[in-house]
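Here the structure comes first, spelled out in structure tokens, and everything after it is commentary.
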There are 2 protein chains.
Amino acid sequence: MSIQIITISRQFGSGGRTIAKQLAERLGYDYYDKEIIDSVAVESGFSKEYIEKRGEEAPGKTTFSYGFESQGVPGIMNGMSSLDFIWSIQRQVICNIADSGKPSVIVGRSSNYILRDRDDVLNAYICADLGFRKDRIVRLYGESEVKPEKRIIDKDKKRAANHKHYTGENWGLSENYDVCLNSSKLGLDSCVDIIYDIVMKSRK
Amino acid sequence: MSIQIITISRQFGSGGRTIAKQLAERLGYDYYDKEIIDSVAVESGFSKEYIEKRGEEAPGKTTFSYGFESQGVPGIMNGMSSLDFIWSIQRQVICNIADSGKPSVIVGRSSNYILRDRDDVLNAYICADLGFRKDRIVRLYGESEVKPEKRIIDKDKKRAANHKHYTGENWGLSENYDVCLNSSKLGLDSCVDIIYDIVMKSRK
């Protein structure tokens with residue numbers, strides 16, 4: 001079955017987003033990352049900033065989130081917490097992208113799980129050594145008061161907790177993906193090459 | 001750095017061993033799987049059957065294993081349990097293979113962890129969907145009284161517990177490997193191709 005959709009899950013700072021972007025350009029596929037947040041903002045009534053900040057958090061830590069921030073969409077959330085509501089809209093946006101029939105690369109947001117029943121999807125996971133990631137986030141996003149290692153650990157912890165909460169899956173466990181690559185060992189370009197070759201081979 | 005050693009960790013029934021063998025043949029590398037058991041048997045004094053059966057178990061379940069089966073090697077085990085003793089010999093055998101300077105493919109036995117400080121090693125993990133693995137073990141190893149699914153779960157559970165006990169690592173977590181491939185999705189030949197290409201690229 002020819003691969004039409006590629007999901008790229010990634011550790012923070014691993015270069016997964018860059019790999020996804022290069023892959024989309026090389027294959028001529030649509031690319032979805034922040035674009036998903038824009039659609040969720042339109043559909044949910046929440047601001048982009050709120051969705052970006054909270055969309056990868058795990059609900060447990062969100063006290064008072066039940067209906068508390070729902071003024072923008074009265075009557076729609078049906079007793080769901082704001083995070084549950086965002087997740088359900090996000091899920092629908094991802095399903096719509098897949099159903100559109102346009103070949104696409106989708107970054108993160110549990111898209112591997114959401115699209116698990118389709119057979120035209122390749123699920124990739126990009127990880128990297130901690131030193132590589134620390135250097136990368138400082139170079140790309142600048143220094144901050146919080147040390148790079150703590151920023152990475154916090155971000156990955158949130159992503160893992162969010163993924164576990166909504167899918168039951170352990171984030172980063174290789175059996176949940178078709179291909180997992182260490183970008184600091186293999187190089188970003190090689191990661192693009194490997195996934196590109198898999199897609200091209202699926203067309204034969 | 002040119003890759004001289006490839007470790008292949010694998011879910012039971014995923015075809016990881018077949019991939020490892022084909023890779024070794026294609027690269028002209030030495031192949032180590034049961035050969036490790038032979039060496040551990042010589043070094044430890046335990047039988048091959050005992051090592052094969054127990055070498056992938058986790059110690060917790062081995063009541064009375066402290067020194068209880070050590071008659072074959074009096075005075076050598078120094079109070080270690082038989083499983084700890086086997087693991088330490090196995091570790092030494094794997095280090096000796098790597099130090100020999102001969103390019104090699106090594107199957108399982110926590111070799112990814114044991115050789116983690118070398119920069120000429122590529123660590124691969126092969127997983128596959130449960131249905132594929134069930135079919136495969138029945139075809140390769142025949143039917144048994146125990147259902148295929150239970151055989152797979154039991155075997156993987158033991159390997160995971162053994163790996164966790166001796167390395168602290170979660171078995172199958174992608175960040176502990178350089179490349180993880182789903183053989184039922186990609187096909188065994190493609191898995192061989194992908195790893196082969198990575199090795200060839202490392203020589204440039």
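Every chain in the structure tokens has a letter given in the order shown (A, B, ...), and although residue numbers restart at 1 in each chain, ligands are simply numbered from 1 in the order shown.
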Exercise for the section: Find the residues of chain B in contact range of chain A, meaning any atom within 8 Å when counting only C-alpha atoms, and list them as a list in words. Expected result: Cys127, Ala128, Asp129, Gly172, Leu173, Ser174, Glu175, Tyr177, Asp178, Val179, Cys180, Leu181, Asn182, Lys185, Leu186, Ile194 and Ile198 of chain B
Exercise for the section: Could you give me, as a ChimeraX atom specification, each residue of segment 32-190 of chain B that DSSP assigns to strand (DSSP E or B) when run on this structure's backbone? Expected result: /B:32,66,81,104-107,121-127,173,179-182
For the selection just defined, write its residues with N, CA and C atoms to a file, as a tab-separated table (two decimals), in the first residue's frame.
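See result-v3.tsv below for the written result:
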chain	number	residue	atom	x	y	z
B	32	TYR	N	26.98	-13.43	15.51
B	32	TYR	CA	26.96	-14.02	16.86
B	32	TYR	C	25.55	-14.07	17.43
B	66	TYR	N	21.03	-18.49	44.35
B	66	TYR	CA	22.30	-18.01	44.86
B	66	TYR	C	23.25	-19.15	45.18
B	81	SER	N	24.53	-14.90	42.21
B	81	SER	CA	23.54	-15.89	41.80
B	81	SER	C	23.99	-16.45	40.46
B	104	SER	N	31.31	-7.34	13.25
B	104	SER	CA	30.38	-8.37	13.74
B	104	SER	C	28.94	-7.87	13.84
B	105	VAL	N	28.03	-8.83	13.71
B	105	VAL	CA	26.62	-8.59	14.03
B	105	VAL	C	26.31	-9.44	15.26
B	106	ILE	N	25.79	-8.81	16.31
B	106	ILE	CA	25.51	-9.52	17.57
B	106	ILE	C	24.01	-9.45	17.85
B	107	VAL	N	23.40	-10.61	18.09
B	107	VAL	CA	21.95	-10.65	18.34
B	107	VAL	C	21.66	-10.61	19.85
B	121	VAL	N	29.63	1.35	16.94
B	121	VAL	CA	28.51	0.41	17.09
B	121	VAL	C	27.21	1.05	16.60
B	122	LEU	N	26.42	0.28	15.87
B	122	LEU	CA	25.06	0.70	15.51
B	122	LEU	C	24.09	-0.23	16.23
B	123	ASN	N	23.17	0.36	17.00
B	123	ASN	CA	22.20	-0.44	17.75
B	123	ASN	C	20.84	-0.42	17.06
B	124	ALA	N	20.40	-1.59	16.62
B	124	ALA	CA	19.10	-1.69	15.94
B	124	ALA	C	18.13	-2.51	16.79
B	125	TYR	N	16.85	-2.19	16.67
B	125	TYR	CA	15.79	-2.94	17.37
B	125	TYR	C	14.73	-3.29	16.34
B	126	ILE	N	14.33	-4.56	16.31
B	126	ILE	CA	13.32	-5.00	15.35
B	126	ILE	C	12.05	-5.40	16.11
B	127	CYS	N	10.94	-4.77	15.75
B	127	CYS	CA	9.66	-5.15	16.33
B	127	CYS	C	8.70	-5.49	15.19
B	173	LEU	N	12.49	0.77	24.23
B	173	LEU	CA	12.28	2.22	24.22
B	173	LEU	C	13.23	2.79	23.16
B	179	VAL	N	18.35	2.84	15.56
B	179	VAL	CA	17.31	2.65	14.55
B	179	VAL	C	16.38	1.51	14.99
B	180	CYS	N	15.08	1.77	14.97
B	180	CYS	CA	14.08	0.74	15.31
B	180	CYS	C	13.17	0.57	14.10
B	181	LEU	N	12.95	-0.67	13.71
B	181	LEU	CA	12.17	-0.92	12.50
B	181	LEU	C	11.07	-1.93	12.76
B	182	ASN	N	9.90	-1.68	12.20
B	182	ASN	CA	8.79	-2.62	12.28
B	182	ASN	C	8.83	-3.52	11.06
Handout entry: Å distance separating atom CA of Asp120 of chain B from atom CA of Gln4 of chain B, one decimal place
Key = 5.4 Å
Exercise for the section: Identify all residues of segment 4-163 of chain B in alpha helix (DSSP H) (DSSP on the backbone) and supply them as a VMD selection string. Expected result: chain B and resid 16 to 27 34 to 44 48 to 54 82 to 99 111 to 114 130 to 141 148 to 163
Practice task
For Ile51 of chain B, work out the shell of residues within 12 Å, counting only C-alpha atoms and skipping chain neighbours fewer than 6 positions away, then give it as a PyMOL selection string.
Solution key: chain B and resi 34-45+57+69+82-87+89-90+109
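One finds atom CA of Phe132 of chain A at 15.1 Å from atom CA of Asp189 of chain A.
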